[in-house]
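File shown: work-v8.tsv (TSV, N, CA and C atoms).
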chain	number	residue	atom	x	y	z
V	1	MET	N	-9.95	41.81	39.09
V	1	MET	CA	-9.44	42.09	37.76
V	1	MET	C	-8.65	40.90	37.22
V	2	ALA	N	-7.78	40.33	38.07
V	2	ALA	CA	-6.98	39.18	37.64
V	2	ALA	C	-7.86	37.98	37.40
V	3	ALA	N	-8.93	37.84	38.18
V	3	ALA	CA	-9.85	36.72	38.00
V	3	ALA	C	-10.59	36.84	36.67
V	4	ALA	N	-10.96	38.06	36.30
V	4	ALA	CA	-11.65	38.26	35.03
V	4	ALA	C	-10.73	37.96	33.86
V	5	ALA	N	-9.47	38.36	33.97
V	5	ALA	CA	-8.49	38.08	32.92
V	5	ALA	C	-8.25	36.58	32.80
V	6	ALA	N	-8.22	35.89	33.95
V	6	ALA	CA	-8.01	34.45	33.94
V	6	ALA	C	-9.20	33.75	33.29
V	7	ARG	N	-10.43	34.22	33.59
V	7	ARG	CA	-11.61	33.63	33.00
V	7	ARG	C	-11.64	33.82	31.48
V	8	SER	N	-11.28	35.01	31.01
V	8	SER	CA	-11.31	35.25	29.57
V	8	SER	C	-10.23	34.44	28.86
V	9	GLY	N	-9.07	34.26	29.52
V	9	GLY	CA	-8.03	33.41	28.93
V	9	GLY	C	-8.47	31.96	28.89
V	10	PHE	N	-9.16	31.51	29.95
V	10	PHE	CA	-9.67	30.15	30.01
V	10	PHE	C	-10.72	29.93	28.92
V	11	ARG	N	-11.60	30.94	28.76
V	11	ARG	CA	-12.63	30.86	27.74
V	11	ARG	C	-12.00	30.84	26.34
V	12	ARG	N	-10.98	31.64	26.11
V	12	ARG	CA	-10.31	31.69	24.82
V	12	ARG	C	-9.62	30.36	24.51
V	13	MET	N	-9.06	29.74	25.56
V	13	MET	CA	-8.35	28.49	25.36
V	13	MET	C	-9.30	27.38	24.91
V	14	PHE	N	-10.53	27.38	25.41
V	14	PHE	CA	-11.47	26.34	25.07
V	14	PHE	C	-12.51	26.78	24.04
V	15	SER	N	-12.29	27.90	23.43
V	15	SER	CA	-13.19	28.39	22.40
V	15	SER	C	-12.97	27.61	21.11
V	16	ILE	N	-14.04	27.39	20.39
V	16	ILE	CA	-13.93	26.68	19.12
V	16	ILE	C	-13.13	27.49	18.12
V	17	SER	N	-13.25	28.81	18.19
V	17	SER	CA	-12.54	29.65	17.22
V	17	SER	C	-11.04	29.63	17.43
V	18	ALA	N	-10.56	29.15	18.58
V	18	ALA	CA	-9.13	29.12	18.83
V	18	ALA	C	-8.45	27.97	18.09
V	19	PHE	N	-9.23	26.99	17.68
V	19	PHE	CA	-8.65	25.82	17.02
V	19	PHE	C	-8.91	25.89	15.52
V	20	ALA	N	-7.89	25.61	14.77
V	20	ALA	CA	-8.03	25.57	13.31
V	20	ALA	C	-8.52	24.18	12.91
V	21	PRO	N	-9.36	24.09	11.91
V	21	PRO	CA	-9.81	22.77	11.48
V	21	PRO	C	-8.64	21.99	10.88
V	22	PRO	N	-8.68	20.68	10.96
V	22	PRO	CA	-7.57	19.90	10.40
V	22	PRO	C	-7.52	20.07	8.89
V	23	LYS	N	-6.31	20.03	8.37
V	23	LYS	CA	-6.13	20.15	6.93
V	23	LYS	C	-6.59	18.87	6.25
V	24	PRO	N	-7.21	18.99	5.09
V	24	PRO	CA	-7.64	17.77	4.39
V	24	PRO	C	-6.42	16.97	3.95
V	25	PRO	N	-6.54	15.65	3.92
V	25	PRO	CA	-5.39	14.84	3.52
V	25	PRO	C	-5.02	15.12	2.07
V	26	ALA	N	-3.74	15.03	1.79
V	26	ALA	CA	-3.25	15.25	0.43
V	26	ALA	C	-3.72	14.09	-0.45
V	27	PRO	N	-4.15	14.39	-1.67
V	27	PRO	CA	-4.59	13.29	-2.54
V	27	PRO	C	-3.41	12.39	-2.90
V	28	ARG	N	-3.72	11.10	-3.03
V	28	ARG	CA	-2.67	10.15	-3.37
V	28	ARG	C	-2.17	10.44	-4.78
V	29	PRO	N	-0.85	10.41	-4.98
V	29	PRO	CA	-0.35	10.65	-6.33
V	29	PRO	C	-0.73	9.49	-7.25
V	30	GLN	N	-1.15	9.85	-8.45
V	30	GLN	CA	-1.52	8.84	-9.43
V	30	GLN	C	-0.28	8.38	-10.18
V	31	ALA	N	-0.21	7.09	-10.46
V	31	ALA	CA	0.91	6.55	-11.20
V	31	ALA	C	0.74	6.85	-12.68
V	32	ASP	N	1.85	6.88	-13.40
V	32	ASP	CA	1.81	7.09	-14.83
V	32	ASP	C	1.18	5.88	-15.50
V	33	PRO	N	0.45	6.10	-16.59
V	33	PRO	CA	-0.14	4.95	-17.31
V	33	PRO	C	0.92	3.98	-17.78
V	34	SER	N	0.69	2.72	-17.54
V	34	SER	CA	1.59	1.66	-17.96
V	34	SER	C	0.75	0.40	-18.14
V	35	PRO	N	1.32	-0.65	-18.72
V	35	PRO	CA	0.53	-1.88	-18.85
V	35	PRO	C	0.40	-2.67	-17.55
V	36	ASN	N	1.04	-2.20	-16.47
V	36	ASN	CA	1.01	-2.91	-15.19
V	36	ASN	C	-0.08	-2.34	-14.29
V	37	LEU	N	-0.92	-3.23	-13.74
V	37	LEU	CA	-2.00	-2.81	-12.85
V	37	LEU	C	-1.79	-3.39	-11.46
V	38	PHE	N	-2.21	-2.63	-10.46
V	38	PHE	CA	-2.25	-3.08	-9.07
V	38	PHE	C	-3.71	-3.29	-8.74
V	39	VAL	N	-4.04	-4.46	-8.23
V	39	VAL	CA	-5.43	-4.80	-7.92
V	39	VAL	C	-5.51	-5.08	-6.42
V	40	SER	N	-6.38	-4.34	-5.72
V	40	SER	CA	-6.52	-4.54	-4.27
V	40	SER	C	-7.96	-4.91	-3.94
V	41	GLY	N	-8.16	-5.39	-2.73
V	41	GLY	CA	-9.48	-5.79	-2.28
V	41	GLY	C	-9.87	-7.20	-2.68
V	42	LEU	N	-8.89	-8.02	-3.02
V	42	LEU	CA	-9.19	-9.38	-3.48
V	42	LEU	C	-9.64	-10.26	-2.32
V	43	SER	N	-10.52	-11.18	-2.62
V	43	SER	CA	-10.97	-12.16	-1.67
V	43	SER	C	-9.87	-13.19	-1.40
V	44	LYS	N	-9.94	-13.84	-0.27
V	44	LYS	CA	-8.98	-14.92	0.04
V	44	LYS	C	-9.17	-16.10	-0.91
V	45	ARG	N	-10.36	-16.19	-1.52
V	45	ARG	CA	-10.63	-17.29	-2.45
V	45	ARG	C	-10.14	-17.03	-3.86
V	46	THR	N	-9.78	-15.79	-4.18
V	46	THR	CA	-9.36	-15.45	-5.53
V	46	THR	C	-8.00	-16.07	-5.84
V	47	SER	N	-7.93	-16.80	-6.92
V	47	SER	CA	-6.67	-17.42	-7.34
V	47	SER	C	-6.06	-16.62	-8.47
V	48	THR	N	-4.83	-16.94	-8.80
V	48	THR	CA	-4.15	-16.29	-9.92
V	48	THR	C	-4.91	-16.53	-11.22
V	49	GLU	N	-5.40	-17.75	-11.41
V	49	GLU	CA	-6.16	-18.06	-12.62
V	49	GLU	C	-7.47	-17.27	-12.68
V	50	GLY	N	-8.14	-17.13	-11.53
V	50	GLY	CA	-9.38	-16.35	-11.48
V	50	GLY	C	-9.14	-14.88	-11.78
V	51	LEU	N	-8.03	-14.36	-11.28
V	51	LEU	CA	-7.67	-12.97	-11.56
V	51	LEU	C	-7.38	-12.79	-13.04
V	52	ARG	N	-6.62	-13.73	-13.62
V	52	ARG	CA	-6.30	-13.66	-15.05
V	52	ARG	C	-7.58	-13.72	-15.90
V	53	ASP	N	-8.47	-14.64	-15.57
V	53	ASP	CA	-9.71	-14.79	-16.34
V	53	ASP	C	-10.58	-13.54	-16.26
V	54	ALA	N	-10.66	-12.92	-15.08
V	54	ALA	CA	-11.50	-11.73	-14.92
V	54	ALA	C	-10.98	-10.57	-15.75
V	55	PHE	N	-9.67	-10.40	-15.81
V	55	PHE	CA	-9.09	-9.27	-16.53
V	55	PHE	C	-8.87	-9.57	-18.01
V	56	ALA	N	-8.91	-10.84	-18.41
V	56	ALA	CA	-8.70	-11.20	-19.81
V	56	ALA	C	-9.84	-10.74	-20.71
V	57	LYS	N	-10.98	-10.40	-20.14
V	57	LYS	CA	-12.11	-9.91	-20.93
V	57	LYS	C	-11.81	-8.57	-21.60
V	58	PHE	N	-10.80	-7.85	-21.10
V	58	PHE	CA	-10.54	-6.49	-21.56
V	58	PHE	C	-9.27	-6.37	-22.38
V	59	GLY	N	-8.55	-7.46	-22.59
V	59	GLY	CA	-7.35	-7.41	-23.40
V	59	GLY	C	-6.46	-8.61	-23.12
V	60	GLU	N	-5.31	-8.64	-23.80
V	60	GLU	CA	-4.37	-9.75	-23.64
V	60	GLU	C	-3.57	-9.60	-22.34
V	61	VAL	N	-3.81	-10.51	-21.41
V	61	VAL	CA	-3.10	-10.50	-20.13
V	61	VAL	C	-1.80	-11.26	-20.31
V	62	VAL	N	-0.68	-10.56	-20.13
V	62	VAL	CA	0.63	-11.18	-20.27
V	62	VAL	C	0.99	-11.93	-18.98
V	63	HIS	N	0.65	-11.32	-17.83
V	63	HIS	CA	1.02	-11.92	-16.55
V	63	HIS	C	-0.02	-11.49	-15.51
V	64	ALA	N	-0.37	-12.42	-14.64
V	64	ALA	CA	-1.27	-12.11	-13.52
V	64	ALA	C	-0.77	-12.87	-12.30
V	65	ARG	N	-0.86	-12.24	-11.14
V	65	ARG	CA	-0.37	-12.90	-9.92
V	65	ARG	C	-1.11	-12.36	-8.71
V	66	VAL	N	-1.63	-13.27	-7.90
V	66	VAL	CA	-2.19	-12.93	-6.60
V	66	VAL	C	-1.07	-13.13	-5.59
V	67	VAL	N	-0.77	-12.11	-4.79
V	67	VAL	CA	0.30	-12.19	-3.80
V	67	VAL	C	-0.20	-13.00	-2.62
V	68	THR	N	0.58	-14.01	-2.22
V	68	THR	CA	0.19	-14.90	-1.13
V	68	THR	C	1.20	-14.86	0.00
V	69	ASP	N	0.74	-15.27	1.17
V	69	ASP	CA	1.59	-15.37	2.34
V	69	ASP	C	2.54	-16.55	2.17
V	70	ARG	N	3.80	-16.38	2.54
V	70	ARG	CA	4.78	-17.46	2.35
V	70	ARG	C	4.48	-18.69	3.20
V	71	VAL	N	4.02	-18.46	4.41
V	71	VAL	CA	3.82	-19.57	5.33
V	71	VAL	C	2.50	-20.29	5.08
V	72	SER	N	1.40	-19.52	5.08
V	72	SER	CA	0.08	-20.15	4.97
V	72	SER	C	-0.35	-20.39	3.53
V	73	GLY	N	0.20	-19.63	2.60
V	73	GLY	CA	-0.21	-19.76	1.20
V	73	GLY	C	-1.51	-19.06	0.89
V	74	CYS	N	-2.10	-18.35	1.86
V	74	CYS	CA	-3.35	-17.62	1.65
V	74	CYS	C	-3.07	-16.29	0.95
V	75	SER	N	-4.07	-15.82	0.24
V	75	SER	CA	-3.97	-14.54	-0.46
V	75	SER	C	-3.81	-13.41	0.55
V	76	LYS	N	-2.98	-12.42	0.20
V	76	LYS	CA	-2.84	-11.22	1.04
V	76	LYS	C	-3.85	-10.15	0.67
V	77	GLY	N	-4.68	-10.41	-0.35
V	77	GLY	CA	-5.73	-9.47	-0.70
V	77	GLY	C	-5.39	-8.52	-1.81
V	78	PHE	N	-4.24	-8.70	-2.45
V	78	PHE	CA	-3.90	-7.86	-3.59
V	78	PHE	C	-3.11	-8.66	-4.60
V	79	GLY	N	-2.98	-8.09	-5.79
V	79	GLY	CA	-2.26	-8.78	-6.85
V	79	GLY	C	-1.89	-7.81	-7.96
V	80	PHE	N	-1.29	-8.36	-9.01
V	80	PHE	CA	-0.82	-7.56	-10.14
V	80	PHE	C	-1.25	-8.21	-11.44
V	81	VAL	N	-1.57	-7.37	-12.41
V	81	VAL	CA	-1.95	-7.82	-13.74
V	81	VAL	C	-1.13	-7.01	-14.74
V	82	ARG	N	-0.54	-7.68	-15.72
V	82	ARG	CA	0.21	-6.98	-16.76
V	82	ARG	C	-0.44	-7.28	-18.11
V	83	TYR	N	-0.81	-6.21	-18.81
V	83	TYR	CA	-1.39	-6.32	-20.15
V	83	TYR	C	-0.29	-6.14	-21.19
V	84	ALA	N	-0.64	-6.47	-22.43
V	84	ALA	CA	0.30	-6.32	-23.54
V	84	ALA	C	0.49	-4.84	-23.90
V	85	THR	N	-0.56	-4.03	-23.80
V	85	THR	CA	-0.45	-2.62	-24.15
V	85	THR	C	-1.07	-1.74	-23.06
V	86	THR	N	-0.73	-0.47	-23.10
V	86	THR	CA	-1.28	0.49	-22.15
V	86	THR	C	-2.77	0.72	-22.40
V	87	GLU	N	-3.20	0.67	-23.66
V	87	GLU	CA	-4.61	0.86	-23.98
V	87	GLU	C	-5.46	-0.25	-23.37
V	88	GLU	N	-4.98	-1.49	-23.44
V	88	GLU	CA	-5.70	-2.61	-22.84
V	88	GLU	C	-5.75	-2.46	-21.33
V	89	ALA	N	-4.66	-1.95	-20.74
V	89	ALA	CA	-4.64	-1.74	-19.28
V	89	ALA	C	-5.68	-0.70	-18.89
V	90	ALA	N	-5.82	0.36	-19.68
V	90	ALA	CA	-6.84	1.37	-19.39
V	90	ALA	C	-8.24	0.77	-19.47
V	91	LYS	N	-8.47	-0.11	-20.44
V	91	LYS	CA	-9.77	-0.78	-20.54
V	91	LYS	C	-9.99	-1.71	-19.34
V	92	GLY	N	-8.92	-2.36	-18.88
V	92	GLY	CA	-9.02	-3.23	-17.71
V	92	GLY	C	-9.38	-2.46	-16.45
V	93	ILE	N	-8.78	-1.28	-16.28
V	93	ILE	CA	-9.12	-0.45	-15.12
V	93	ILE	C	-10.57	0.00	-15.22
V	94	GLU	N	-10.96	0.48	-16.39
V	94	GLU	CA	-12.32	0.96	-16.59
V	94	GLU	C	-13.34	-0.16	-16.36
V	95	GLY	N	-13.00	-1.37	-16.80
V	95	GLY	CA	-13.93	-2.48	-16.69
V	95	GLY	C	-13.98	-3.15	-15.34
V	96	MET	N	-12.91	-3.09	-14.56
V	96	MET	CA	-12.88	-3.85	-13.31
V	96	MET	C	-12.81	-3.01	-12.04
V	97	ASP	N	-12.46	-1.73	-12.12
V	97	ASP	CA	-12.35	-0.90	-10.92
V	97	ASP	C	-13.72	-0.71	-10.29
V	98	GLY	N	-13.85	-1.11	-9.02
V	98	GLY	CA	-15.11	-0.99	-8.31
V	98	GLY	C	-16.11	-2.09	-8.60
V	99	LYS	N	-15.69	-3.14	-9.27
V	99	LYS	CA	-16.58	-4.25	-9.61
V	99	LYS	C	-16.38	-5.40	-8.62
V	100	PHE	N	-17.30	-6.36	-8.66
V	100	PHE	CA	-17.22	-7.52	-7.77
V	100	PHE	C	-16.41	-8.63	-8.42
V	101	LEU	N	-15.56	-9.27	-7.62
V	101	LEU	CA	-14.83	-10.46	-8.03
V	101	LEU	C	-14.83	-11.40	-6.83
V	102	ASP	N	-15.40	-12.57	-7.01
V	102	ASP	CA	-15.54	-13.57	-5.93
V	102	ASP	C	-16.25	-12.98	-4.71
V	103	GLY	N	-17.23	-12.11	-4.95
V	103	GLY	CA	-18.03	-11.56	-3.86
V	103	GLY	C	-17.45	-10.34	-3.18
V	104	TRP	N	-16.30	-9.85	-3.60
V	104	TRP	CA	-15.66	-8.69	-2.99
V	104	TRP	C	-15.50	-7.60	-4.03
V	105	VAL	N	-15.62	-6.35	-3.60
V	105	VAL	CA	-15.39	-5.21	-4.50
V	105	VAL	C	-13.88	-5.03	-4.62
V	106	ILE	N	-13.39	-4.98	-5.85
V	106	ILE	CA	-11.95	-4.82	-6.07
V	106	ILE	C	-11.67	-3.45	-6.66
V	107	PHE	N	-10.44	-3.02	-6.52
V	107	PHE	CA	-10.00	-1.74	-7.04
V	107	PHE	C	-8.78	-1.96	-7.91
V	108	ALA	N	-8.81	-1.41	-9.11
V	108	ALA	CA	-7.71	-1.57	-10.06
V	108	ALA	C	-7.16	-0.19	-10.38
V	109	GLU	N	-5.84	-0.07	-10.37
V	109	GLU	CA	-5.17	1.18	-10.71
V	109	GLU	C	-3.81	0.85	-11.32
V	110	TYR	N	-3.20	1.84	-11.93
V	110	TYR	CA	-1.86	1.64	-12.48
V	110	TYR	C	-0.90	1.37	-11.34
V	111	ALA	N	-0.01	0.41	-11.54
V	111	ALA	CA	0.97	0.06	-10.50
V	111	ALA	C	2.05	1.12	-10.44
V	112	LYS	N	2.46	1.45	-9.24
V	112	LYS	CA	3.54	2.41	-9.04
V	112	LYS	C	4.85	1.62	-8.98
V	113	PRO	N	5.90	2.10	-9.63
V	113	PRO	CA	7.18	1.38	-9.56
V	113	PRO	C	7.74	1.39	-8.15
V	114	ARG	N	8.38	0.31	-7.78
V	114	ARG	CA	8.98	0.19	-6.46
V	114	ARG	C	10.19	1.12	-6.39
V	115	PRO	N	10.33	1.91	-5.31
V	115	PRO	CA	11.50	2.78	-5.21
V	115	PRO	C	12.76	1.95	-5.05
V	116	PRO	N	13.89	2.45	-5.57
V	116	PRO	CA	15.13	1.68	-5.43
V	116	PRO	C	15.54	1.57	-3.97
V	117	PRO	N	16.15	0.46	-3.58
V	117	PRO	CA	16.57	0.31	-2.18
V	117	PRO	C	17.65	1.33	-1.84
V	118	GLN	N	17.65	1.77	-0.60
V	118	GLN	CA	18.65	2.73	-0.14
V	118	GLN	C	19.95	2.00	0.18
V	119	GLU	N	21.06	2.54	-0.29
V	119	GLU	CA	22.37	1.91	-0.06
V	119	GLU	C	22.69	1.83	1.43
V	120	ALA	N	22.39	2.89	2.17
V	120	ALA	CA	22.73	2.90	3.60
V	120	ALA	C	21.96	1.83	4.36
V	121	GLU	N	20.72	1.60	3.99
V	121	GLU	CA	19.93	0.58	4.68
V	121	GLU	C	20.39	-0.82	4.33
V	122	MET	N	20.84	-1.01	3.11
V	122	MET	CA	21.26	-2.34	2.68
V	122	MET	C	22.55	-2.78	3.38
V	123	ASN	N	23.47	-1.86	3.58
V	123	ASN	CA	24.78	-2.21	4.11
V	123	ASN	C	24.88	-2.07	5.62
V	124	SER	N	23.88	-1.54	6.27
V	124	SER	CA	23.99	-1.32	7.71
V	124	SER	C	23.64	-2.60	8.46
V	125	GLN	N	24.45	-2.94	9.41
V	125	GLN	CA	24.23	-4.08	10.29
V	125	GLN	C	23.92	-3.53	11.68
V	126	PRO	N	22.96	-4.10	12.38
V	126	PRO	CA	22.70	-3.61	13.74
V	126	PRO	C	23.91	-3.88	14.63
V	127	GLN	N	24.33	-2.87	15.34
V	127	GLN	CA	25.50	-2.99	16.21
V	127	GLN	C	25.05	-3.26	17.63
V	128	GLN	N	25.73	-4.18	18.30
V	128	GLN	CA	25.43	-4.45	19.69
V	128	GLN	C	26.14	-3.42	20.54
V	129	SER	N	25.41	-2.83	21.46
V	129	SER	CA	26.02	-1.84	22.34
V	129	SER	C	26.06	-2.34	23.78
V	130	TRP	N	25.81	-3.61	23.97
V	130	TRP	CA	25.80	-4.16	25.31
V	130	TRP	C	26.68	-5.41	25.36
V	131	GLY	N	27.18	-5.74	26.51
V	131	GLY	CA	27.97	-6.95	26.72
V	131	GLY	C	29.39	-6.84	26.20
V	132	PRO	N	30.20	-7.81	26.55
V	132	PRO	CA	31.59	-7.81	26.10
V	132	PRO	C	31.67	-8.14	24.62
V	133	PRO	N	32.75	-7.76	23.95
V	133	PRO	CA	32.93	-8.10	22.54
V	133	PRO	C	32.92	-9.61	22.36
V	134	SER	N	32.49	-10.07	21.20
V	134	SER	CA	32.34	-11.50	20.96
V	134	SER	C	33.67	-12.23	20.99
V	135	SER	N	34.78	-11.56	20.75
V	135	SER	CA	36.08	-12.23	20.73
V	135	SER	C	36.57	-12.57	22.14
V	136	SER	N	36.02	-11.93	23.19
V	136	SER	CA	36.51	-12.18	24.54
V	136	SER	C	35.79	-13.35	25.22
V	137	TRP	N	34.74	-13.87	24.63
V	137	TRP	CA	34.03	-14.98	25.24
V	137	TRP	C	34.89	-16.24	25.21
V	138	GLY	N	35.05	-16.88	26.32
V	138	GLY	CA	35.77	-18.14	26.40
V	138	GLY	C	37.28	-18.03	26.39
V	139	SER	N	37.86	-16.84	26.33
V	139	SER	CA	39.33	-16.72	26.35
V	139	SER	C	39.77	-16.29	27.73
V	140	GLN	N	40.04	-17.31	28.61
V	140	GLN	CA	40.47	-17.00	29.97
V	140	GLN	C	41.76	-17.69	30.30
Written as structure tokens, how would this file's structure read?
Amino acid sequence: MAAAAARSGFRRMFSISAFAPPKPPAPRPQADPSPNLFVSGLSKRTSTEGLRDAFAKFGEVVHARVVTDRVSGCSKGFGFVRYATTEEAAKGIEGMDGKFLDGWVIFAEYAKPRPPPQEAEMNSQPQQSWGPPSSSWGSQ
């Protein structure tokens, strides 16, 4: 009797019906329409001028920038474009989202504003919890 109960518990534990399917991922929140665009999927060869020229077909580009690595100067694969108006930005997204630029498919969307820095993180200094205090070194 105990063996039968153990077998049914073992079977229940490994039954497909015992596991719930994973929940689908939550959709990414869309940013509010603004003249600022975030462009991802850029090629390493894409320059700021190339990005500006590609998006200038759809309206007046006020500012364009490919984000680069500080040390190597190579593109990080994303950038920002700012149009004069929100309507031009919508045309830029419609015209360039999912299109090829320098051989790579790029994605354009409204840029999300950067969250403000947290006060606690800005003012916190890592505290050493090991060794003697720094004032006692060399005082003998």
Protein, DNA and RNA residues within 6.5 Å of (0.4, -10.0, -3.9), all atoms listed in the file, as JSON, numbers by chain: {"V": [65, 66, 67, 68, 76, 77, 78, 79, 80]}
Under the rule that all atoms listed in the file are counted, which of V:Ala89, V:Leu42, V:Leu37, V:Ala20 is the nearest residue to Asp102 in chain V?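 Ranking V:Ala89, V:Leu42, V:Leu37, V:Ala20 by distance to Asp102 in chain V, first place goes to V:Leu42.
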Please return as JSON, numbers by chain: the residues of range 2-122 of chain V that backbone DSSP assigns to strand (DSSP E or B). {"V": [36, 37, 38, 39, 40, 61, 62, 63, 64, 65, 66, 67, 68, 75, 76, 77, 78, 79, 80, 81, 82, 83, 100, 101, 104, 105, 107, 108, 109, 110]}
To one decimal in Å, tell me the separation between CA of Gly95 in chain V and CA of Lys112 in chain V. 19.7 Å
Atom C of Gly103 in chain V and CA of Ala54 in chain V, how far apart in Å? 13.2 Å
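The gap separating atom N of Glu60 in chain V from atom N of Thr85 in chain V is 6.6 Å, in Å to one decimal.
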From the set V:Ala108, V:Ala56, V:Gly50, V:Pro116, which residue has the shortest atom-to-atom contact distance to Ala31 in chain V, counting only C-alpha atoms? V:Ala108
Which of these residues is nearest to Glu109 in chain V, using all atoms listed in the file: V:Val62, V:Leu51, V:Ala84, V:Val39?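 Smallest distance to Glu109 in chain V is found for V:Val39.
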Would you mind telling me which residue in V:Pro35, V:Gly98, V:Pro113, V:Gly41 lies nearest to Thr86 in chain V when using only N, CA and C atoms?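 Of all the options, V:Pro35 lies closest to Thr86 in chain V.
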